[in-house]
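The structure under discussion appears below in the form of C-alpha cells.
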Amino acid sequence: MAASPFWEDGESGIVKEIIDGDSFILESGLVVRLAQIEAPRLRDDVPISQKARDFLANLVKDKKVKLKYGGLRRDKMGRALAQVYIANEIWVQGEILKAGYARVHTYIDNRSHIQDFWLVEREARRNGRGVWSDPMFQARFATTEALSGSEGSFQLVEGKIEKVLHGETLVKLCFGNDETKDVCAIIPRQSWKLWGDNNLDDFTGLNIRVRGRINGPQIARITKKGRNLPAHGPSIWLDHPEQVEFLII
C-alpha cells in the first residue's frame, strides 16, 4: 500500500486516456500527473518512452482509480499531482518503479514517504529493469565529462564529496577540489532549514547520490545588480533533502 494511510483521499474516476508514462486523463477531464516519479519523456527516438506509456496504459486504462495527496495538489497547468491506486490496493507509482519505467523525482512541495519510493526503485535498478538497462537513464559519475551534454535534463549523479563550501546565500557540496570547474550540488539559503540539525560539513568524505536538473558550467560574471558570481562547474540545485541518498561503497 506504500504509505496509503498517511495520504489524504482525493478524487476517483475512470481513466479515459493515457498521455505518456506518468500522466493520464480521467473521464471527468481531470489531467493526473503521477507525483514523485518521472517516466521518460515521450519521444520517437527513445523507444523505452513508448514502452513506459504502454505499461501505464495496460495498468490503468479504462479502470477506476483513486487519487491520494501528500503535498501540492495542483501544478501550474492545473494537473492533479497525486498518488494513484487501483481498487485502493495497487499502488500505481510502485508498480511503475518496480518495472523500471520511471525514476524517483521529488519536488520541495511533493516529497512525502520517500523511503517507499527508493526501496522499489533500487530493486528495479539492481535487476536492470526498464530504464535501468538503458545508458541514457543510468546514474552518472559526478564529473564534468560524464555530465557533458546533459544540461537541462533530470539526472541521478553519484560521487564523493571532497569539500563543503559555505557562502552567504548557498552551500556547495563539491565533488572535486576545484569548485570553479568540478561538479557541485548547491543548497540555497532558503532551503537550509529543511536540513534541520544536520551539519552539512559532515558530508565531506561521504559518497552520495543526488538527483535533479543539471545546470551547465558558468564563467565568472557580474550581474546587472552588481553582484559578483564566481565561476562554477556543472551543478545540481538541491532545495530539499529528499534529493540526496547516502551510499555505502
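Residues in the C-alpha cells are named by chain (A, B, ... in the order shown) and by number from 1 within that chain; ligands are numbered from 1 in the order shown.
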Discussion item. Using DSSP assignments from the backbone, pull out every residue in stretch 75-191 of chain A that falls under strand (DSSP E or B) and give it to me as number ranges by chain.
Written reply: A: 80-86, 90-91, 103-104, 107, 110, 140-141, 154-160, 163-166, 170-174, 184-188
request  = Excluding stretch 188-195 of chain A and residues on its chain fewer than 2 positions from it, collect all residues at most 8 Å away from it, counting only C-alpha atoms, and give them as a PyMOL selection string.
outcome  = chain A and resi 168-171+186+197-198+237-241
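When atom CA of A:Arg140 is paired with atom CA of A:Asp201, their separation reads 23.6 Å.
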| query | Any idea what's packed within 7 Å of stretch 142-146 of chain A, counting only C-alpha atoms, ignoring anything in its chain fewer than 3 positions away? Could you give it as a PyMOL selection string? | reply | chain A and resi 157-159+175+182-183+234
Show which residues sit within 9 Å of A:Val60, as a ChimeraX atom specification. Count only C-alpha atoms, and ignore same-chain residues fewer than 2 positions away. /A:14-15,18,55-58,62-65,86,92
Output C-alpha atoms for every residue in that selection, as a PDB file, in the first residue's frame.
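Contents of selection-v5.pdb, freshly written:
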```
ATOM      1  CA  ILE A  14     -12.206   6.034 -14.767  1.00  0.00           C
ATOM      2  CA  VAL A  15      -9.012   6.526 -16.752  1.00  0.00           C
ATOM      3  CA  ILE A  18      -3.032   7.877 -21.437  1.00  0.00           C
ATOM      4  CA  PHE A  55       2.929  -0.060 -19.385  1.00  0.00           C
ATOM      5  CA  LEU A  56       0.825   2.662 -17.769  1.00  0.00           C
ATOM      6  CA  ALA A  57      -1.953   2.054 -20.310  1.00  0.00           C
ATOM      7  CA  ASN A  58      -2.040  -1.681 -19.550  1.00  0.00           C
ATOM      8  CA  ASP A  62     -10.456   2.036 -18.545  1.00  0.00           C
ATOM      9  CA  LYS A  63     -10.057   1.211 -14.838  1.00  0.00           C
ATOM     10  CA  LYS A  64     -11.359   3.087 -11.828  1.00  0.00           C
ATOM     11  CA  VAL A  65      -8.583   4.728  -9.851  1.00  0.00           C
ATOM     12  CA  ILE A  86      -6.356   0.806  -8.363  1.00  0.00           C
ATOM     13  CA  VAL A  92       0.437   2.692  -9.448  1.00  0.00           C
TER      14      VAL A  92
END
```
Just asking: which residues within stretch 125-245 of chain A are helix (DSSP H, G or I) according to DSSP, as a ChimeraX atom specification?
/A:125-126,130-133,135-137,144-147,189-195,200-203,241-243
Take the residues from that selection and write them out as a PDB file, in the first residue's frame, keeping N, CA and C atoms.
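Output below, filename again38.pdb:
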```pdb
ATOM      1  N   ARG A 125      16.566  -1.116 -10.263  1.00  0.00           N
ATOM      2  CA  ARG A 125      17.902  -0.743 -10.736  1.00  0.00           C
ATOM      3  C   ARG A 125      18.873  -1.916 -10.609  1.00  0.00           C
ATOM      4  N   ARG A 126      18.840  -2.596  -9.478  1.00  0.00           N
ATOM      5  CA  ARG A 126      19.752  -3.730  -9.265  1.00  0.00           C
ATOM      6  C   ARG A 126      19.482  -4.873 -10.228  1.00  0.00           C
ATOM      7  N   GLY A 130      13.761  -2.095 -17.233  1.00  0.00           N
ATOM      8  CA  GLY A 130      13.302  -0.856 -17.848  1.00  0.00           C
ATOM      9  C   GLY A 130      14.417   0.124 -18.148  1.00  0.00           C
ATOM     10  N   VAL A 131      14.274   1.355 -17.643  1.00  0.00           N
ATOM     11  CA  VAL A 131      15.245   2.405 -17.931  1.00  0.00           C
ATOM     12  C   VAL A 131      16.636   2.061 -17.414  1.00  0.00           C
ATOM     13  N   TRP A 132      16.706   1.161 -16.427  1.00  0.00           N
ATOM     14  CA  TRP A 132      17.999   0.837 -15.826  1.00  0.00           C
ATOM     15  C   TRP A 132      18.858  -0.069 -16.722  1.00  0.00           C
ATOM     16  N   SER A 133      18.316  -0.476 -17.861  1.00  0.00           N
ATOM     17  CA  SER A 133      19.121  -1.197 -18.850  1.00  0.00           C
ATOM     18  C   SER A 133      19.558  -0.273 -19.982  1.00  0.00           C
ATOM     19  N   PRO A 135      21.642   3.112 -21.059  1.00  0.00           N
ATOM     20  CA  PRO A 135      22.675   4.040 -20.582  1.00  0.00           C
ATOM     21  C   PRO A 135      22.185   5.481 -20.443  1.00  0.00           C
ATOM     22  N   MET A 136      21.169   5.866 -21.212  1.00  0.00           N
ATOM     23  CA  MET A 136      20.665   7.230 -21.151  1.00  0.00           C
ATOM     24  C   MET A 136      20.130   7.582 -19.762  1.00  0.00           C
ATOM     25  N   PHE A 137      19.656   6.569 -19.039  1.00  0.00           N
ATOM     26  CA  PHE A 137      18.986   6.826 -17.756  1.00  0.00           C
ATOM     27  C   PHE A 137      19.767   6.321 -16.544  1.00  0.00           C
ATOM     28  N   THR A 144      32.675  16.405 -14.860  1.00  0.00           N
ATOM     29  CA  THR A 144      32.254  17.250 -15.977  1.00  0.00           C
ATOM     30  C   THR A 144      32.120  16.438 -17.257  1.00  0.00           C
ATOM     31  N   GLU A 145      32.983  15.434 -17.422  1.00  0.00           N
ATOM     32  CA  GLU A 145      32.929  14.603 -18.637  1.00  0.00           C
ATOM     33  C   GLU A 145      31.631  13.796 -18.682  1.00  0.00           C
ATOM     34  N   ALA A 146      31.264  13.194 -17.554  1.00  0.00           N
ATOM     35  CA  ALA A 146      30.074  12.345 -17.521  1.00  0.00           C
ATOM     36  C   ALA A 146      28.794  13.147 -17.700  1.00  0.00           C
ATOM     37  N   LEU A 147      28.825  14.429 -17.313  1.00  0.00           N
ATOM     38  CA  LEU A 147      27.622  15.261 -17.403  1.00  0.00           C
ATOM     39  C   LEU A 147      27.603  16.145 -18.643  1.00  0.00           C
ATOM     40  N   ARG A 189      20.093  29.110   0.436  1.00  0.00           N
ATOM     41  CA  ARG A 189      19.837  29.516   1.822  1.00  0.00           C
ATOM     42  C   ARG A 189      18.395  29.280   2.234  1.00  0.00           C
ATOM     43  N   GLN A 190      17.448  29.524   1.337  1.00  0.00           N
ATOM     44  CA  GLN A 190      16.038  29.376   1.703  1.00  0.00           C
ATOM     45  C   GLN A 190      15.657  27.936   2.025  1.00  0.00           C
ATOM     46  N   SER A 191      16.554  27.000   1.690  1.00  0.00           N
ATOM     47  CA  SER A 191      16.273  25.588   1.964  1.00  0.00           C
ATOM     48  C   SER A 191      17.047  25.046   3.168  1.00  0.00           C
ATOM     49  N   TRP A 192      17.935  25.838   3.741  1.00  0.00           N
ATOM     50  CA  TRP A 192      18.778  25.334   4.828  1.00  0.00           C
ATOM     51  C   TRP A 192      17.970  24.766   5.975  1.00  0.00           C
ATOM     52  N   LYS A 193      16.860  25.435   6.297  1.00  0.00           N
ATOM     53  CA  LYS A 193      16.061  25.000   7.452  1.00  0.00           C
ATOM     54  C   LYS A 193      15.495  23.599   7.261  1.00  0.00           C
ATOM     55  N   LEU A 194      15.313  23.158   6.015  1.00  0.00           N
ATOM     56  CA  LEU A 194      14.775  21.828   5.756  1.00  0.00           C
ATOM     57  C   LEU A 194      15.755  20.727   6.154  1.00  0.00           C
ATOM     58  N   TRP A 195      17.016  21.090   6.274  1.00  0.00           N
ATOM     59  CA  TRP A 195      18.040  20.109   6.628  1.00  0.00           C
ATOM     60  C   TRP A 195      18.140  19.924   8.137  1.00  0.00           C
ATOM     61  N   LEU A 200      26.045  20.193   7.625  1.00  0.00           N
ATOM     62  CA  LEU A 200      26.385  19.930   6.231  1.00  0.00           C
ATOM     63  C   LEU A 200      27.877  19.688   6.034  1.00  0.00           C
ATOM     64  N   ASP A 201      28.709  20.170   6.958  1.00  0.00           N
ATOM     65  CA  ASP A 201      30.142  19.891   6.859  1.00  0.00           C
ATOM     66  C   ASP A 201      30.434  18.400   6.995  1.00  0.00           C
ATOM     67  N   ASP A 202      29.520  17.668   7.641  1.00  0.00           N
ATOM     68  CA  ASP A 202      29.717  16.234   7.817  1.00  0.00           C
ATOM     69  C   ASP A 202      29.596  15.454   6.512  1.00  0.00           C
ATOM     70  N   PHE A 203      29.139  16.130   5.442  1.00  0.00           N
ATOM     71  CA  PHE A 203      29.052  15.473   4.140  1.00  0.00           C
ATOM     72  C   PHE A 203      30.441  15.208   3.554  1.00  0.00           C
ATOM     73  N   PRO A 241      15.987  17.870   1.158  1.00  0.00           N
ATOM     74  CA  PRO A 241      16.892  16.771   1.492  1.00  0.00           C
ATOM     75  C   PRO A 241      16.591  15.453   0.791  1.00  0.00           C
ATOM     76  N   GLU A 242      15.346  15.272   0.363  1.00  0.00           N
ATOM     77  CA  GLU A 242      14.979  14.013  -0.279  1.00  0.00           C
ATOM     78  C   GLU A 242      15.631  13.824  -1.647  1.00  0.00           C
ATOM     79  N   GLN A 243      16.380  14.803  -2.100  1.00  0.00           N
ATOM     80  CA  GLN A 243      17.138  14.660  -3.345  1.00  0.00           C
ATOM     81  C   GLN A 243      18.467  13.940  -3.128  1.00  0.00           C
TER      82      GLN A 243
END
```
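Across the model, the gap from atom CA of A:Leu30 to atom CA of A:Ile108 is 23.2 Å.
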Residue with the minimum atom-to-atom distance to A:Asn177, picked from A:Arg122, A:His105, A:Arg221, A:His232 with only C-alpha atoms counted, is A:His232
Enter the distance from atom CA of A:Ala52 to atom CA of A:Ala2, in Å, rounded to one decimal.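 About the pair atom CA of A:Ala52 and atom CA of A:Ala2: they are 21.1 Å apart.
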Excluding A:Ser28 and any residue of its chain fewer than 4 positions from it, enumerate the residues within 12 Å of it, using only C-alpha atoms, and give them as a ChimeraX atom specification.
/A:11-17,24,32,64
